[in-house]
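Below: final15.json (JSON, C-alpha atoms)
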[["chain", "number", "residue", "atom", "x", "y", "z"],
["E", 1124, "MET", "CA", -2.81, -17.11, 17.89],
["E", 1125, "PHE", "CA", -1.95, -14.21, 20.22],
["E", 1126, "SER", "CA", 1.73, -15.16, 20.17],
["E", 1127, "ILE", "CA", 1.72, -15.04, 16.35],
["E", 1128, "ILE", "CA", 0.21, -11.54, 16.31],
["E", 1129, "LYS", "CA", 2.64, -10.42, 19.01],
["E", 1130, "SER", "CA", 5.62, -11.52, 16.94],
["E", 1131, "VAL", "CA", 4.51, -9.64, 13.80],
["E", 1132, "TRP", "CA", 2.92, -6.49, 15.28],
["E", 1133, "PRO", "CA", 5.60, -4.15, 13.80],
["E", 1134, "LEU", "CA", 4.73, -5.49, 10.35],
["E", 1135, "LEU", "CA", 0.99, -5.07, 10.97],
["E", 1136, "LEU", "CA", 1.46, -1.50, 12.23],
["E", 1137, "GLY", "CA", 3.54, -0.66, 9.16],
["E", 1138, "ILE", "CA", 0.88, -2.16, 6.90],
["E", 1139, "PHE", "CA", -1.84, -0.14, 8.65],
["E", 1140, "LEU", "CA", -0.01, 3.13, 7.97],
["E", 1141, "LEU", "CA", 0.76, 2.15, 4.39],
["E", 1142, "MET", "CA", -2.85, 1.26, 3.70],
["E", 1143, "ILE", "CA", -3.88, 4.77, 4.67],
["E", 1144, "GLY", "CA", -1.87, 5.92, 1.68],
["E", 1145, "HIS", "CA", -3.26, 3.12, -0.46],
["E", 1146, "GLY", "CA", -6.84, 3.83, 0.55],
["E", 1147, "ILE", "CA", -6.76, 7.57, -0.01],
["E", 1148, "GLN", "CA", -5.06, 7.76, -3.39],
["E", 1149, "GLY", "CA", -8.02, 6.43, -5.39],
["E", 1150, "PRO", "CA", -10.77, 8.77, -4.15],
["E", 1151, "LEU", "CA", -8.36, 11.69, -3.74],
["E", 1152, "LEU", "CA", -7.13, 11.42, -7.34],
["E", 1153, "ALA", "CA", -10.69, 10.97, -8.59],
["E", 1154, "ILE", "CA", -11.85, 14.15, -6.85],
["E", 1155, "ARG", "CA", -8.72, 16.11, -7.80],
["E", 1156, "GLY", "CA", -8.97, 14.87, -11.40],
["E", 1157, "ASN", "CA", -12.54, 16.13, -11.57],
["E", 1158, "VAL", "CA", -11.40, 19.52, -10.25],
["E", 1159, "GLU", "CA", -8.68, 19.63, -12.94],
["E", 1160, "GLY", "CA", -11.22, 18.74, -15.64],
["E", 1161, "PHE", "CA", -10.04, 15.21, -16.40],
["E", 1162, "GLY", "CA", -12.78, 13.06, -17.95],
["E", 1163, "PRO", "CA", -13.66, 9.50, -16.87],
["E", 1164, "GLU", "CA", -11.77, 8.02, -19.87],
["E", 1165, "THR", "CA", -8.61, 9.87, -18.85],
["E", 1166, "MET", "CA", -8.97, 8.83, -15.21],
["E", 1167, "ALA", "CA", -9.56, 5.21, -16.28],
["E", 1168, "TRP", "CA", -6.11, 4.87, -17.85],
["E", 1169, "VAL", "CA", -4.51, 6.93, -15.09],
["E", 1170, "MET", "CA", -5.92, 4.51, -12.52],
["E", 1171, "SER", "CA", -4.84, 1.51, -14.61],
["E", 1172, "GLY", "CA", -1.20, 2.48, -14.09],
["E", 1173, "TYR", "CA", -1.35, 1.05, -10.57],
["E", 1174, "PHE", "CA", -2.21, -2.42, -11.87],
["E", 1175, "ILE", "CA", 0.52, -2.30, -14.52],
["E", 1176, "GLY", "CA", 3.01, -1.60, -11.75],
["E", 1177, "LEU", "CA", 1.47, -4.29, -9.55],
["E", 1178, "LEU", "CA", 1.89, -6.88, -12.30],
["E", 1179, "ALA", "CA", 5.46, -5.86, -13.11],
["E", 1180, "GLY", "CA", 6.42, -5.73, -9.45],
["E", 1181, "SER", "CA", 5.32, -9.32, -8.89],
["E", 1182, "GLN", "CA", 8.39, -10.38, -10.89],
["E", 1183, "PHE", "CA", 10.84, -7.60, -10.05],
["E", 1184, "ASN", "CA", 10.39, -7.47, -6.28],
["E", 1185, "VAL", "CA", 11.10, -11.16, -5.75],
["E", 1186, "LEU", "CA", 14.63, -10.52, -7.02],
["E", 1187, "LEU", "CA", 15.00, -7.57, -4.63],
["E", 1188, "ILE", "CA", 13.95, -9.63, -1.62],
["E", 1189, "GLU", "CA", 16.36, -12.37, -2.64],
["E", 1190, "ARG", "CA", 19.22, -9.84, -2.76],
["E", 1191, "VAL", "CA", 18.68, -7.62, 0.29],
["E", 1192, "GLY", "CA", 15.96, -9.24, 2.43],
["E", 1193, "HIS", "CA", 12.45, -8.45, 3.59],
["E", 1194, "VAL", "CA", 13.13, -5.50, 5.91],
["E", 1195, "ARG", "CA", 15.20, -3.42, 3.49],
["E", 1196, "VAL", "CA", 12.80, -4.01, 0.63],
["E", 1197, "PHE", "CA", 9.80, -3.00, 2.77],
["E", 1198, "ALA", "CA", 11.53, 0.20, 3.94],
["E", 1199, "ALA", "CA", 12.78, 1.17, 0.48],
["E", 1200, "LEU", "CA", 9.44, 0.63, -1.24],
["E", 1201, "ALA", "CA", 7.50, 2.42, 1.51],
["E", 1202, "SER", "CA", 9.76, 5.45, 1.11],
["E", 1203, "LEU", "CA", 9.11, 5.47, -2.65],
["E", 1204, "ILE", "CA", 5.36, 5.31, -2.02],
["E", 1205, "SER", "CA", 5.65, 8.27, 0.35],
["E", 1206, "ALA", "CA", 7.56, 10.33, -2.23],
["E", 1207, "SER", "CA", 5.16, 9.41, -5.05],
["E", 1208, "LEU", "CA", 2.09, 10.46, -3.06],
["E", 1209, "ILE", "CA", 3.34, 13.99, -2.54],
["E", 1210, "LEU", "CA", 4.46, 14.27, -6.18],
["E", 1211, "PHE", "CA", 0.84, 13.95, -7.33],
["E", 1212, "ALA", "CA", 0.19, 17.46, -6.02],
["E", 1213, "LEU", "CA", 3.16, 19.01, -7.85],
["E", 1214, "SER", "CA", 1.87, 18.50, -11.37],
["E", 1215, "PRO", "CA", -1.80, 17.68, -12.15],
["E", 1216, "ASN", "CA", -0.90, 16.07, -15.47],
["E", 1217, "PRO", "CA", -2.53, 12.78, -16.56],
["E", 1218, "LEU", "CA", 0.65, 11.29, -18.01],
["E", 1219, "PHE", "CA", 2.67, 12.22, -14.91],
["E", 1220, "TRP", "CA", -0.04, 10.74, -12.67],
["E", 1221, "PHE", "CA", -0.07, 7.58, -14.80],
["E", 1222, "CYS", "CA", 3.70, 7.13, -14.29],
["E", 1223, "LEU", "CA", 3.37, 7.72, -10.54],
["E", 1224, "ARG", "CA", 0.57, 5.16, -10.35],
["E", 1225, "ILE", "CA", 2.85, 2.62, -12.03],
["E", 1226, "ILE", "CA", 5.56, 3.33, -9.44],
["E", 1227, "ILE", "CA", 3.08, 3.02, -6.56],
["E", 1228, "GLY", "CA", 1.71, -0.24, -7.96],
["E", 1229, "LEU", "CA", 5.20, -1.67, -8.30],
["E", 1230, "CYS", "CA", 6.03, -0.67, -4.73],
["E", 1231, "PHE", "CA", 2.82, -2.04, -3.23],
["E", 1232, "SER", "CA", 3.42, -5.32, -5.04],
["E", 1233, "GLY", "CA", 6.69, -5.67, -3.13],
["E", 1234, "VAL", "CA", 5.09, -4.60, 0.15],
["E", 1235, "PHE", "CA", 2.39, -7.26, -0.22],
["E", 1236, "ILE", "CA", 4.94, -9.95, -1.10],
["E", 1237, "VAL", "CA", 7.06, -9.06, 1.94],
["E", 1238, "SER", "CA", 4.18, -8.87, 4.40],
["E", 1239, "GLU", "CA", 2.32, -11.99, 3.27],
["E", 1240, "SER", "CA", 5.43, -14.16, 3.03],
["E", 1241, "TRP", "CA", 6.40, -12.91, 6.48],
["E", 1242, "LEU", "CA", 3.01, -13.91, 7.88],
["E", 1243, "ASN", "CA", 3.03, -17.29, 6.14],
["E", 1244, "HIS", "CA", 6.48, -17.97, 7.60],
["E", 1245, "GLY", "CA", 5.32, -17.24, 11.14],
["E", 1246, "ALA", "CA", 1.89, -18.87, 11.17],
["E", 1247, "PRO", "CA", 1.29, -22.64, 11.41],
["E", 1248, "ASN", "CA", -1.21, -24.08, 8.95],
["E", 1249, "LYS", "CA", -4.07, -24.43, 11.44],
["E", 1250, "PHE", "CA", -3.94, -20.68, 12.23],
["E", 1251, "ARG", "CA", -2.98, -19.47, 8.76],
["E", 1252, "ALA", "CA", -6.43, -18.35, 7.59],
["E", 1253, "GLN", "CA", -7.10, -16.57, 10.88],
["E", 1254, "THR", "CA", -3.69, -14.86, 10.74],
["E", 1255, "ILE", "CA", -4.31, -13.69, 7.17],
["E", 1256, "SER", "CA", -7.77, -12.56, 8.28],
["E", 1257, "VAL", "CA", -6.26, -10.34, 10.99],
["E", 1258, "TYR", "CA", -3.82, -8.99, 8.39],
["E", 1259, "LEU", "CA", -6.70, -8.17, 6.03],
["E", 1260, "ILE", "CA", -8.65, -6.51, 8.84],
["E", 1261, "ILE", "CA", -5.63, -4.31, 9.58],
["E", 1262, "GLN", "CA", -5.49, -3.42, 5.88],
["E", 1263, "LEU", "CA", -9.17, -2.57, 5.81],
["E", 1264, "PHE", "CA", -8.92, -0.43, 8.95],
["E", 1265, "GLY", "CA", -6.10, 1.50, 7.28],
["E", 1266, "MET", "CA", -8.22, 2.09, 4.19],
["E", 1267, "LEU", "CA", -11.16, 3.05, 6.40],
["E", 1268, "ALA", "CA", -8.97, 5.59, 8.21],
["E", 1269, "ALA", "CA", -8.09, 6.98, 4.78],
["E", 1270, "GLN", "CA", -11.77, 7.69, 4.06],
["E", 1271, "ILE", "CA", -12.02, 9.62, 7.33],
["E", 1272, "LEU", "CA", -8.80, 11.50, 6.51],
["E", 1273, "LEU", "CA", -10.21, 12.40, 3.10],
["E", 1274, "ASN", "CA", -12.63, 14.84, 4.79],
["E", 1275, "SER", "CA", -9.93, 16.61, 6.81],
["E", 1276, "ALA", "CA", -8.78, 19.05, 4.10],
["E", 1277, "ASP", "CA", -9.66, 20.42, 0.67],
["E", 1278, "PRO", "CA", -8.74, 17.82, -2.04],
["E", 1279, "SER", "CA", -7.92, 20.65, -4.45],
["E", 1280, "SER", "CA", -4.97, 21.72, -2.27],
["E", 1281, "TYR", "CA", -1.67, 19.95, -1.55],
["E", 1282, "ILE", "CA", -2.41, 19.41, 2.18],
["E", 1283, "LEU", "CA", -3.92, 15.91, 1.91],
["E", 1284, "PHE", "CA", -1.11, 14.69, -0.34],
["E", 1285, "ALA", "CA", 1.50, 16.01, 2.11],
["E", 1286, "LEU", "CA", -0.31, 14.64, 5.17],
["E", 1287, "VAL", "CA", -0.67, 11.11, 3.81],
["E", 1288, "SER", "CA", 2.95, 11.19, 2.62],
["E", 1289, "VAL", "CA", 4.08, 11.88, 6.19],
["E", 1290, "ILE", "CA", 1.89, 9.06, 7.54],
["E", 1291, "VAL", "CA", 3.33, 6.57, 5.03],
["E", 1292, "SER", "CA", 6.86, 7.74, 5.94],
["E", 1293, "PHE", "CA", 6.25, 6.49, 9.48],
["E", 1294, "SER", "CA", 5.25, 3.02, 8.24],
["E", 1295, "PHE", "CA", 8.73, 1.51, 8.02],
["E", 1296, "ALA", "CA", 9.91, 2.83, 11.41],
["E", 1297, "PRO", "CA", 8.29, -0.01, 13.47],
["E", 1298, "ILE", "CA", 9.91, -2.69, 11.30],
["E", 1299, "LEU", "CA", 13.34, -1.06, 11.27],
["E", 1300, "LEU", "CA", 13.27, -0.64, 15.07],
["E", 1301, "SER", "CA", 11.83, -4.08, 15.84],
["E", 1302, "VAL", "CA", 13.98, -6.75, 17.49],
["E", 1303, "ALA", "CA", 11.81, -9.55, 16.04],
["E", 1304, "PRO", "CA", 13.72, -11.52, 13.38],
["E", 1305, "ALA", "CA", 12.56, -11.27, 9.77],
["E", 1306, "PRO", "CA", 12.02, -14.50, 7.86],
["E", 1307, "ILE", "CA", 14.97, -15.92, 5.97],
["E", 1308, "TYR", "CA", 14.35, -15.76, 2.26],
["E", 1309, "GLN", "CA", 14.08, -19.19, 0.72],
["E", 1310, "THR", "CA", 14.55, -19.48, -3.02],
["E", 1311, "ALA", "CA", 11.54, -21.14, -4.58],
["E", 1312, "LYS", "CA", 11.00, -22.50, -8.05],
["E", 1313, "ARG", "CA", 9.15, -19.99, -10.18],
["E", 1314, "LEU", "CA", 5.90, -21.11, -11.73],
["E", 1315, "LYS", "CA", 4.77, -20.11, -15.18],
["E", 1316, "ILE", "CA", 1.14, -19.08, -15.52],
["E", 1317, "ARG", "CA", 0.32, -22.37, -17.23],
["E", 1318, "GLU", "CA", 1.93, -24.33, -14.38],
["E", 1319, "LEU", "CA", 0.11, -22.23, -11.82],
["E", 1320, "TYR", "CA", -3.18, -22.90, -13.60],
["E", 1321, "LYS", "CA", -2.51, -26.65, -13.56],
["E", 1322, "THR", "CA", -1.75, -26.49, -9.84],
["E", 1323, "SER", "CA", -4.92, -24.54, -8.97],
["E", 1324, "PRO", "CA", -7.24, -23.79, -11.92],
["E", 1325, "PHE", "CA", -10.02, -22.63, -9.63],
["E", 1326, "GLY", "CA", -7.67, -20.28, -7.77],
["E", 1327, "CYS", "CA", -6.36, -18.73, -11.00],
["E", 1328, "ILE", "CA", -9.75, -18.12, -12.55],
["E", 1329, "SER", "CA", -11.32, -16.81, -9.35],
["E", 1330, "MET", "CA", -8.44, -14.37, -8.76],
["E", 1331, "ILE", "CA", -8.78, -12.97, -12.29],
["E", 1332, "PHE", "CA", -12.43, -12.13, -11.63],
["E", 1333, "PHE", "CA", -11.70, -10.89, -8.11],
["E", 1334, "GLY", "CA", -8.96, -8.59, -9.41],
["E", 1335, "GLY", "CA", -11.30, -7.06, -11.98],
["E", 1336, "ILE", "CA", -14.11, -6.53, -9.48],
["E", 1337, "SER", "CA", -11.96, -5.10, -6.69],
["E", 1338, "SER", "CA", -10.10, -2.76, -9.07],
["E", 1339, "LEU", "CA", -13.40, -1.37, -10.35],
["E", 1340, "LEU", "CA", -14.79, -1.01, -6.84],
["E", 1341, "PHE", "CA", -11.89, 0.89, -5.28],
["E", 1342, "THR", "CA", -10.47, 2.80, -8.25],
["E", 1343, "MET", "CA", -13.30, 3.60, -10.65],
["E", 1344, "SER", "CA", -16.21, 3.92, -8.21],
["E", 1345, "PRO", "CA", -14.78, 7.25, -6.88],
["E", 1346, "VAL", "CA", -14.52, 8.46, -10.49],
["E", 1347, "TYR", "CA", -18.15, 7.41, -11.10],
["E", 1348, "CYS", "CA", -19.25, 9.18, -7.92],
["E", 1349, "THR", "CA", -17.60, 12.44, -8.94],
["E", 1350, "GLU", "CA", -19.34, 12.20, -12.33],
["E", 1351, "GLN", "CA", -22.64, 11.75, -10.48],
["E", 1352, "GLY", "CA", -22.00, 14.94, -8.52],
["E", 1353, "TYR", "CA", -21.37, 13.33, -5.12],
["E", 1354, "ASN", "CA", -19.30, 15.39, -2.70],
["E", 1355, "THR", "CA", -16.21, 14.24, -0.80],
["E", 1356, "TYR", "CA", -18.22, 13.22, 2.27],
["E", 1357, "GLN", "CA", -20.59, 11.03, 0.24],
["E", 1358, "ILE", "CA", -17.72, 9.33, -1.59],
["E", 1359, "SER", "CA", -15.94, 8.56, 1.68],
["E", 1360, "ILE", "CA", -19.20, 7.20, 3.17],
["E", 1361, "LEU", "CA", -19.74, 4.86, 0.20],
["E", 1362, "LEU", "CA", -16.21, 3.46, 0.25],
["E", 1363, "GLY", "CA", -16.16, 3.40, 4.04],
["E", 1364, "SER", "CA", -19.35, 1.32, 4.19],
["E", 1365, "ALA", "CA", -17.81, -1.28, 1.87],
["E", 1366, "LEU", "CA", -14.73, -1.46, 4.08],
["E", 1367, "ILE", "CA", -16.73, -1.72, 7.33],
["E", 1368, "SER", "CA", -18.79, -4.63, 6.00],
["E", 1369, "SER", "CA", -15.57, -6.31, 4.84],
["E", 1370, "ILE", "CA", -14.12, -5.96, 8.34],
["E", 1371, "ILE", "CA", -17.27, -7.38, 9.95],
["E", 1372, "PHE", "CA", -17.32, -10.50, 7.76],
["E", 1373, "GLN", "CA", -13.58, -11.27, 7.80],
["E", 1374, "ILE", "CA", -13.58, -13.20, 11.09],
["E", 1375, "PRO", "CA", -16.60, -15.48, 10.43],
["E", 1376, "ILE", "CA", -15.50, -16.20, 6.85],
["E", 1377, "SER", "CA", -11.94, -17.03, 7.93],
["E", 1378, "TRP", "CA", -13.31, -19.30, 10.67],
["E", 1379, "ILE", "CA", -15.48, -21.14, 8.13],
["E", 1380, "SER", "CA", -12.61, -21.40, 5.61],
["E", 1381, "ASP", "CA", -10.44, -23.19, 8.19],
["E", 1382, "ARG", "CA", -13.12, -25.87, 8.63],
["E", 1383, "PHE", "CA", -14.82, -26.33, 5.24],
["E", 1384, "ASP", "CA", -13.88, -26.52, 1.58],
["E", 1385, "ARG", "CA", -12.68, -23.04, 0.64],
["E", 1386, "ARG", "CA", -13.70, -23.47, -3.00],
["E", 1387, "ILE", "CA", -17.33, -23.97, -2.01],
["E", 1388, "LEU", "CA", -17.14, -20.92, 0.25],
["E", 1389, "ILE", "CA", -15.78, -18.79, -2.61],
["E", 1390, "VAL", "CA", -18.59, -19.95, -4.91],
["E", 1391, "VAL", "CA", -21.26, -19.19, -2.30],
["E", 1392, "CYS", "CA", -19.87, -15.70, -1.63],
["E", 1393, "SER", "CA", -19.61, -15.01, -5.38],
["E", 1394, "ILE", "CA", -23.22, -16.04, -6.01],
["E", 1395, "PHE", "CA", -24.37, -13.83, -3.15],
["E", 1396, "GLY", "CA", -22.43, -10.87, -4.61],
["E", 1397, "ALA", "CA", -23.91, -11.46, -8.06],
["E", 1398, "ILE", "CA", -27.45, -11.51, -6.64],
["E", 1399, "VAL", "CA", -26.81, -8.25, -4.79],
["E", 1400, "MET", "CA", -25.49, -6.61, -7.97],
["E", 1401, "ALA", "CA", -28.56, -7.78, -9.91],
["E", 1402, "PHE", "CA", -30.74, -5.69, -7.59],
["E", 1403, "ASN", "CA", -28.98, -2.60, -8.95],
["E", 1404, "PHE", "CA", -30.99, -2.94, -12.17],
["E", 1405, "PHE", "CA", -34.35, -3.03, -10.42],
["E", 1406, "LEU", "CA", -34.03, -0.62, -7.48],
["E", 1407, "GLU", "CA", -34.22, 3.16, -7.52],
["E", 1408, "ASP", "CA", -30.94, 4.89, -8.40],
["E", 1409, "THR", "CA", -30.40, 6.83, -5.15],
["E", 1410, "PHE", "CA", -27.45, 7.37, -2.82],
["E", 1411, "PHE", "CA", -29.06, 5.29, -0.08],
["E", 1412, "VAL", "CA", -29.61, 2.32, -2.43],
["E", 1413, "LYS", "CA", -25.99, 2.49, -3.60],
["E", 1414, "LEU", "CA", -24.88, 2.62, 0.04],
["E", 1415, "ILE", "CA", -26.78, -0.60, 0.88],
["E", 1416, "LEU", "CA", -25.60, -2.45, -2.24],
["E", 1417, "ILE", "CA", -21.94, -1.53, -1.89],
["E", 1418, "SER", "CA", -22.04, -2.59, 1.77],
["E", 1419, "LEU", "CA", -23.43, -6.03, 0.87],
["E", 1420, "ILE", "CA", -20.91, -6.57, -1.91]]
I'd like the structure from this file rewritten - as structure tokens, please.
Amino acid sequence: MFSIIKSVWPLLLGIFLLMIGHGIQGPLLAIRGNVEGFGPETMAWVMSGYFIGLLAGSQFNVLLIERVGHVRVFAALASLISASLILFALSPNPLFWFCLRIIIGLCFSGVFIVSESWLNHGAPNKFRAQTISVYLIIQLFGMLAAQILLNSADPSSYILFALVSVIVSFSFAPILLSVAPAPIYQTAKRLKIRELYKTSPFGCISMIFFGGISSLLFTMSPVYCTEQGYNTYQISILLGSALISSIIFQIPISWISDRFDRRILIVVCSIFGAIVMAFNFFLEDTFFVKLILISLI
């Protein structure tokens, strides 16, 4: 396991830096949008731009990797993410932000394809879940660092946008300077959605629900918090608590998933999350209660 991590550490370091940019854009835009007077409906479609780009990029970026390889695609897309982050501060316009969110979503789609295919190429099956778990922990630590960074400057200024842009710019340096070989791209047969569903119906359905829940949690919860009058520190604490609990449970869940039926594990975790959410209707609507519930989710 250690040898696998050692061989892909430049990729993991690059992902960590990129996820700082990924983790800060949601709460930062929510707070800045509130300052600019954007309502929750406006911020909802602004935030949705990321997922439009993510969906489009899942098709477009495969062609890029096939043409120029993993390393060049990672570096090019990371540089576009860096540029887009600083452009948010230039013009607080909902339509402009929506377009930038599409670009960022498209770029992150390619980054995820590159990094996860790279890890799958380098990890044998018996260590695959643990390797992906380490990768997810690195992602979560990057997003957690973003919540800390969120309190370092005034969100109404350009400083945070510029700072995170610089951090993301450093993300492709470890990969470009690494002597470790990148995986050779292997052309695979493309699956239509219907074919994918036939291959793994449970996986398709569960990912649809997971995508909806995670998008609401990390994009619209900061918007909700600003509408409730929470300050920057409280928003970062709420999101940070969700990330910390995710980090804590990654290792035991990955260990279990390597030894038991993963479908059963997904069902058990989903039922637990639903029970936790049900308590939201019966408990007092306070910051502390929301902190506990979001941590358990």
Please report the interatomic distance between CA of Ile1261 in chain E and CA of Leu1136 in chain E in Å with one decimal.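 Answer for the CA of Ile1261 in chain E to CA of Leu1136 in chain E separation: 8.1 Å.
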Nearest to Tyr1347 in chain E by atom-to-atom distance, counting all atoms listed in the file, from E:Leu1218, E:Val1412, E:Met1166, E:Gly1265: E:Met1166
With all atoms listed in the file as the counted atoms, please give the residues lying no more than 7 Å from range 1353-1365 of chain E, apart from itself and same-chain residues fewer than 6 positions off, as a list in words.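 Returned residues: Leu1267, Gln1270, Ile1271, Asn1274, Pro1345, Leu1414, Ile1417 and Ser1418 of chain E.
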Preceding selection exported with C-alpha atoms as a CSV table (one decimal), in the frame of the given file:
chain,number,residue,atom,x,y,z
E,1267,LEU,CA,-11.2,3.0,6.4
E,1270,GLN,CA,-11.8,7.7,4.1
E,1271,ILE,CA,-12.0,9.6,7.3
E,1274,ASN,CA,-12.6,14.8,4.8
E,1345,PRO,CA,-14.8,7.2,-6.9
E,1414,LEU,CA,-24.9,2.6,0.0
E,1417,ILE,CA,-21.9,-1.5,-1.9
E,1418,SER,CA,-22.0,-2.6,1.8
Correct to one decimal, the distance CA of Ala1179 in chain E-CA of Leu1200 in chain E is 14.1 Å
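The nearest approach to Ser1171 in chain E among the residues E:Pro1375, E:Gly1149, E:Gly1137, E:Gly1233, with only C-alpha atoms taken into account, belongs to E:Gly1149.
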